[in-house]
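**Student:** Input structure_0.cif, format and content: mmCIF, C-alpha atoms.
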data_work
#
loop_
_atom_site.label_atom_id
_atom_site.label_comp_id
_atom_site.auth_asym_id
_atom_site.auth_seq_id
_atom_site.Cartn_x
_atom_site.Cartn_y
_atom_site.Cartn_z
CA MET A 1 -70.78 18.21 52.87
CA GLU A 2 -69.79 18.98 49.27
CA SER A 3 -69.85 22.71 50.08
CA VAL A 4 -67.32 22.36 52.92
CA LYS A 5 -63.77 22.69 51.63
CA ASN A 6 -61.78 21.74 54.75
CA ILE A 7 -62.64 19.99 58.02
CA ILE A 8 -60.39 20.57 61.04
CA ALA A 9 -60.82 18.29 64.06
CA VAL A 10 -59.80 19.82 67.39
CA ALA A 11 -59.08 16.96 69.77
CA SER A 12 -57.41 16.08 73.05
CA GLY A 13 -56.44 12.91 74.83
CA LYS A 14 -58.15 14.02 78.05
CA GLY A 15 -60.69 16.54 79.24
CA GLY A 16 -60.00 19.78 81.06
CA VAL A 17 -57.19 21.02 78.81
CA GLY A 18 -59.11 23.85 77.12
CA LYS A 19 -60.02 22.03 73.92
CA SER A 20 -63.41 23.70 73.42
CA THR A 21 -61.97 27.13 74.20
CA THR A 22 -59.33 26.47 71.56
CA ALA A 23 -61.88 25.25 69.00
CA VAL A 24 -64.14 28.29 69.45
CA ASN A 25 -61.32 30.82 69.20
CA LEU A 26 -59.68 28.97 66.30
CA ALA A 27 -62.95 29.18 64.36
CA LEU A 28 -63.34 32.88 65.17
CA ALA A 29 -59.70 33.56 64.27
CA LEU A 30 -60.09 31.83 60.89
CA GLN A 31 -63.15 34.00 60.32
CA ALA A 32 -61.19 37.10 61.31
CA LEU A 33 -58.63 36.17 58.64
CA GLY A 34 -61.36 36.43 56.01
CA HIS A 35 -62.65 32.87 55.70
CA LYS A 36 -66.18 31.44 55.85
CA VAL A 37 -66.21 29.22 58.91
CA GLY A 38 -68.55 26.78 60.65
CA LEU A 39 -68.23 25.15 64.06
CA LEU A 40 -69.63 21.74 65.00
CA ASP A 41 -69.77 20.81 68.67
CA ALA A 42 -69.20 17.05 68.40
CA ASP A 43 -68.84 16.59 72.16
CA ILE A 44 -72.15 14.72 72.35
CA TYR A 45 -71.88 14.02 76.08
CA GLY A 46 -70.75 17.47 77.24
CA PRO A 47 -71.55 20.16 74.66
CA SER A 48 -70.25 23.56 75.81
CA VAL A 49 -69.75 25.54 72.60
CA ALA A 50 -73.23 27.12 72.75
CA MET A 51 -72.49 28.63 76.17
CA MET A 52 -69.05 29.82 75.08
CA LEU A 53 -70.58 31.59 72.09
CA GLY A 54 -73.34 33.19 74.14
CA VAL A 55 -76.19 31.33 72.42
CA ALA A 56 -79.32 31.68 74.56
CA GLU A 57 -80.49 28.56 76.37
CA GLY A 58 -83.43 26.99 74.57
CA THR A 59 -82.27 28.06 71.10
CA LYS A 60 -83.37 25.49 68.50
CA PRO A 61 -82.14 25.19 64.91
CA ALA A 62 -84.66 25.79 62.13
CA VAL A 63 -85.57 22.74 60.03
CA GLN A 64 -85.69 22.73 56.23
CA ASP A 65 -87.85 20.26 54.26
CA GLU A 66 -88.40 18.27 57.48
CA LYS A 67 -84.94 16.82 56.87
CA PHE A 68 -82.13 19.33 57.34
CA PHE A 69 -81.06 21.52 60.25
CA MET A 70 -80.20 25.13 59.56
CA PRO A 71 -77.08 26.16 61.52
CA VAL A 72 -77.43 28.63 64.37
CA LEU A 73 -75.43 31.82 63.71
CA ALA A 74 -73.23 32.97 66.59
CA HIS A 75 -70.64 35.74 66.25
CA GLY A 76 -70.84 35.18 62.49
CA LEU A 77 -70.11 31.43 62.72
CA ALA A 78 -72.47 28.76 61.39
CA THR A 79 -72.80 26.46 64.40
CA MET A 80 -74.47 23.19 65.31
CA SER A 81 -74.45 21.44 68.68
CA MET A 82 -76.26 18.78 70.65
CA ALA A 83 -76.95 21.61 73.13
CA TYR A 84 -79.51 22.97 70.64
CA LEU A 85 -81.47 19.71 70.76
CA VAL A 86 -81.48 18.95 74.50
CA ASN A 87 -81.57 21.24 77.53
CA ASP A 88 -78.66 21.86 79.88
CA LYS A 89 -80.03 19.52 82.54
CA THR A 90 -80.57 16.51 80.25
CA PRO A 91 -77.69 14.01 80.36
CA THR A 92 -76.89 12.20 77.13
CA VAL A 93 -76.91 8.62 78.43
CA TRP A 94 -76.08 6.88 75.18
CA ARG A 95 -73.92 3.98 74.13
CA GLY A 96 -71.21 4.55 71.55
CA PRO A 97 -73.20 3.65 68.40
CA MET A 98 -75.98 6.08 69.32
CA ALA A 99 -73.51 8.90 69.94
CA SER A 100 -71.72 8.15 66.67
CA GLY A 101 -75.03 8.19 64.80
CA ALA A 102 -75.93 11.53 66.37
CA LEU A 103 -72.57 12.96 65.26
CA LEU A 104 -73.16 11.88 61.67
CA GLN A 105 -76.65 13.39 61.70
CA LEU A 106 -75.41 16.71 63.04
CA LEU A 107 -72.62 16.74 60.51
CA THR A 108 -74.34 15.57 57.35
CA GLN A 109 -77.90 16.78 57.93
CA THR A 110 -76.95 20.39 58.56
CA GLN A 111 -77.13 22.87 55.68
CA TRP A 112 -73.70 24.35 56.27
CA GLY A 113 -73.64 26.37 53.06
CA GLU A 114 -70.36 27.35 51.42
CA LEU A 115 -67.61 27.02 54.03
CA ASP A 116 -63.86 27.33 53.72
CA TYR A 117 -63.36 25.62 57.08
CA LEU A 118 -65.53 23.56 59.40
CA VAL A 119 -63.97 23.28 62.86
CA VAL A 120 -65.11 20.21 64.79
CA ASP A 121 -64.80 20.29 68.57
CA MET A 122 -64.25 16.61 69.37
CA PRO A 123 -64.99 14.91 72.69
CA PRO A 124 -61.90 13.97 74.71
CA GLY A 125 -60.38 10.54 74.25
CA THR A 126 -59.97 8.08 71.40
CA GLY A 127 -63.31 6.29 71.21
CA ASP A 128 -66.24 5.63 68.89
CA ILE A 129 -66.94 9.23 67.93
CA GLN A 130 -63.34 9.85 66.87
CA LEU A 131 -63.29 6.66 64.79
CA THR A 132 -66.63 7.51 63.18
CA LEU A 133 -65.39 10.92 62.13
CA ALA A 134 -62.18 9.42 60.74
CA GLN A 135 -63.96 6.71 58.77
CA LYS A 136 -66.97 8.62 57.45
CA VAL A 137 -65.75 12.17 56.83
CA PRO A 138 -62.81 13.53 54.76
CA VAL A 139 -60.98 15.30 57.60
CA THR A 140 -58.25 17.66 56.39
CA GLY A 141 -56.25 17.45 59.61
CA ALA A 142 -56.34 17.38 63.39
CA VAL A 143 -55.23 19.90 65.99
CA ILE A 144 -54.19 18.33 69.30
CA VAL A 145 -54.72 20.37 72.47
CA THR A 146 -52.77 19.67 75.64
CA THR A 147 -51.31 21.30 78.72
CA PRO A 148 -47.62 21.05 79.66
CA GLN A 149 -48.50 18.62 82.47
CA ASP A 150 -46.98 15.16 82.09
CA ILE A 151 -50.28 13.29 82.47
CA ALA A 152 -51.91 15.46 79.79
CA LEU A 153 -48.96 14.94 77.45
CA LEU A 154 -49.24 11.18 77.91
CA ASP A 155 -52.87 11.23 76.78
CA ALA A 156 -52.11 13.69 73.96
CA GLN A 157 -49.61 11.17 72.57
CA LYS A 158 -52.42 8.61 72.34
CA GLY A 159 -54.53 11.13 70.45
CA ILE A 160 -51.74 11.77 67.96
CA ALA A 161 -51.15 8.04 67.50
CA MET A 162 -54.87 7.45 66.89
CA PHE A 163 -55.07 10.04 64.10
CA GLN A 164 -51.89 8.69 62.53
CA LYS A 165 -53.33 5.17 62.63
CA VAL A 166 -56.43 6.27 60.70
CA ASN A 167 -54.36 8.33 58.24
CA ILE A 168 -55.53 11.78 59.34
CA PRO A 169 -52.65 14.29 59.32
CA VAL A 170 -51.87 15.98 62.63
CA LEU A 171 -51.54 19.67 61.83
CA GLY A 172 -49.87 20.47 65.13
CA ILE A 173 -50.02 20.94 68.89
CA VAL A 174 -51.67 23.71 70.89
CA GLU A 175 -50.28 24.07 74.40
CA ASN A 176 -52.86 25.57 76.77
CA MET A 177 -52.10 26.90 80.26
CA ALA A 178 -48.47 27.25 79.25
CA VAL A 179 -47.75 30.00 81.78
CA HIS A 180 -49.59 32.01 84.41
CA ILE A 181 -48.91 35.74 84.71
CA CYS A 182 -49.84 37.17 88.10
CA SER A 183 -52.30 40.03 87.63
CA GLN A 184 -50.89 41.78 90.71
CA CYS A 185 -47.13 41.61 90.30
CA GLY A 186 -46.57 40.32 86.76
CA HIS A 187 -44.63 37.26 87.91
CA ALA A 188 -44.62 34.43 85.35
CA GLU A 189 -45.02 30.92 86.72
CA HIS A 190 -45.23 27.60 84.84
CA ILE A 191 -47.83 25.98 87.07
CA PHE A 192 -48.37 22.87 84.91
CA GLY A 193 -44.78 22.46 83.69
CA GLU A 194 -42.73 24.15 81.01
CA ASN A 195 -42.49 23.56 77.24
CA GLY A 196 -44.26 20.20 77.35
CA GLY A 197 -46.18 21.00 74.18
CA SER A 198 -43.07 22.02 72.24
CA LYS A 199 -41.28 18.84 73.29
CA LEU A 200 -44.28 16.77 72.20
CA ALA A 201 -44.32 18.53 68.84
CA GLN A 202 -40.63 17.80 68.37
CA ASP A 203 -41.05 14.14 69.33
CA PHE A 204 -43.79 13.63 66.70
CA ASP A 205 -42.30 16.01 64.12
CA VAL A 206 -45.37 18.25 63.96
CA ALA A 207 -45.79 22.01 64.33
CA LEU A 208 -46.29 23.83 67.62
CA LEU A 209 -49.28 25.93 66.59
CA GLY A 210 -49.50 28.06 69.71
CA GLN A 211 -48.86 28.44 73.41
CA LEU A 212 -51.73 30.01 75.37
CA PRO A 213 -51.53 31.35 78.92
CA LEU A 214 -53.59 30.36 81.95
CA SER A 215 -55.64 33.54 81.95
CA LEU A 216 -58.46 34.75 84.17
CA ASP A 217 -59.63 37.16 81.45
CA ILE A 218 -59.97 34.38 78.86
CA ARG A 219 -61.89 32.22 81.33
CA LEU A 220 -64.30 35.06 82.19
CA GLN A 221 -64.88 35.97 78.55
CA MET A 222 -65.61 32.35 77.60
CA ASP A 223 -68.04 31.91 80.52
CA GLN A 224 -69.85 35.10 79.46
CA GLY A 225 -70.17 33.95 75.85
CA ASN A 226 -67.79 36.62 74.54
CA PRO A 227 -64.61 34.87 73.30
CA PRO A 228 -61.50 37.07 73.09
CA VAL A 229 -61.31 37.00 69.28
CA SER A 230 -64.93 38.19 69.00
CA GLN A 231 -64.38 41.11 71.38
CA ASP A 232 -61.14 42.82 70.43
CA GLN A 233 -58.94 41.36 67.72
CA ASN A 234 -56.11 43.65 68.80
CA SER A 235 -56.00 42.31 72.36
CA ALA A 236 -53.04 40.20 73.42
CA ALA A 237 -55.20 37.07 73.87
CA ALA A 238 -56.91 37.49 70.49
CA GLN A 239 -53.58 37.93 68.74
CA LEU A 240 -52.34 34.64 70.21
CA TYR A 241 -55.36 32.84 68.76
CA ILE A 242 -55.02 34.59 65.40
CA ASP A 243 -51.34 33.57 65.23
CA MET A 244 -52.45 30.01 66.07
CA ALA A 245 -54.93 30.13 63.18
CA LYS A 246 -52.24 31.41 60.80
CA ASN A 247 -49.97 28.53 61.84
CA THR A 248 -52.82 26.08 61.28
CA LEU A 249 -53.39 27.45 57.77
CA ALA A 250 -49.67 27.14 57.07
CA ALA A 251 -49.77 23.49 58.18
CA ILE A 252 -52.72 22.82 55.83
CA GLU A 253 -50.89 24.53 52.98
CA ALA A 254 -47.86 22.34 53.66
CA LEU A 255 -50.11 19.28 53.33
CA ASP A 256 -51.30 20.51 49.94
CA ASP A 257 -47.71 20.92 48.82
CA GLN A 258 -47.02 17.28 49.71
CA SER A 259 -50.14 15.85 48.07
CA GLY A 260 -48.56 14.68 44.83
CA PRO A 261 -48.88 11.06 43.69
CA ASP A 262 -46.82 8.35 45.34
CA ILE A 263 -44.88 6.35 42.75
CA SER A 264 -43.11 3.17 43.74
CA PHE A 265 -41.23 0.49 41.83
CA SER A 266 -40.98 -3.14 42.82
#
Take the structure in this file and express it as structure tokens.
**Tutor:**
Amino acid sequence: MESVKNIIAVASGKGGVGKSTTAVNLALALQALGHKVGLLDADIYGPSVAMMLGVAEGTKPAVQDEKFFMPVLAHGLATMSMAYLVNDKTPTVWRGPMASGALLQLLTQTQWGELDYLVVDMPPGTGDIQLTLAQKVPVTGAVIVTTPQDIALLDAQKGIAMFQKVNIPVLGIVENMAVHICSQCGHAEHIFGENGGSKLAQDFDVALLGQLPLSLDIRLQMDQGNPPVSQDQNSAAAQLYIDMAKNTLAAIEALDDQSGPDISFS
């Protein structure tokens, strides 16, 4: 891990909020901005990054010295996922310690090479895997993904509180499914509520990194293994993700500016 400069955890309090879609496009957007980027699918129980990146089923990582995995390249990203080690129909029926051990192996026994950023797609929730990452790995900061829906915001608050409790800075909030634009008439409708992510960011004094629409095109591109940022960086969807990446970099830079020594007198 000495060759990885920054680790960004992409997390959510609950599933189904577009966390993996955000992680994949964040990694691709950071790459589009000129950085060397890796992507670790740490969702041991439900790895989906391989499919979203169009990696063929059955792809296995090469092994070096019978000890290290070589990352699988996808759209220019160095990637590693549990999906490369088991097939799509094999459930990962593991207790927490086994899943945590698998995460550490994927993370520390992969030859990532020189990376500016390693994006880690976390499983939903606040369990063993999140604690293992926080305790064993120098995480630069966390990105919290939510939808504007009240129940999602409630769980996102728990995610923020968990990272604060283990002293990992929260870089900001990404609000997915913020608005739906009708493809027929252009009508904008806030199906899951309005501005929930921005209110959450204000409540916890963190940045709102981006607001992404509920989009049929994004869903189709992800299912086909062709994320928006990898297809056309000038498209409206890609620009939203690139702006999100720029805001994430700004949040990391702000952390660096605050990293002077703490001096206290008693």
**Student:** With the PyMOL selection byres ((chain A and resi 17) around 8) as the selection, what would be picked from this file? Answer as a PyMOL selection string, please.
**Tutor:** chain A and resi 12+14-16+18-19+145-147+152+176-177
**Student:** Tell me which residues the PyMOL selection byres ((chain A and resi 215-229) around 9) grabs here, as a count of residues only.
**Tutor:** 33
**Student:** Can you list what the PyMOL selection byres ((chain A and resi 149) around 9) grabs from this structure, as a ChimeraX atom specification?
**Tutor:** /A:146-148,150-154,191-194,196-197
**Student:** In terms of the shortest atom-to-atom distance over all atoms listed in the file, which of A:Gln157, A:Thr108, A:Thr132, A:Thr248 is closest to Gly172 (chain A)?
**Tutor:**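 Counting all atoms listed in the file, the residue closest to Gly172 (chain A) is A:Thr248.
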**Student:** Using only C-alpha atoms, determine which residues lie at most 7 Å from region 78-85 of chain A, disregarding the query and same-chain residues fewer than 4 positions distant; provide the list as JSON, numbers by chain.
**Tutor:** {"A": [37, 38, 39, 40, 41, 42, 44, 47, 50, 58, 59, 60, 61, 71, 72, 73, 74, 106, 112]}
**Student:** Pick out the closest residue to Gly101 (chain A) from this set: A:Ala201, A:Val120, A:Leu131, A:Leu115. Count only C-alpha atoms.
**Tutor:** A:Leu131
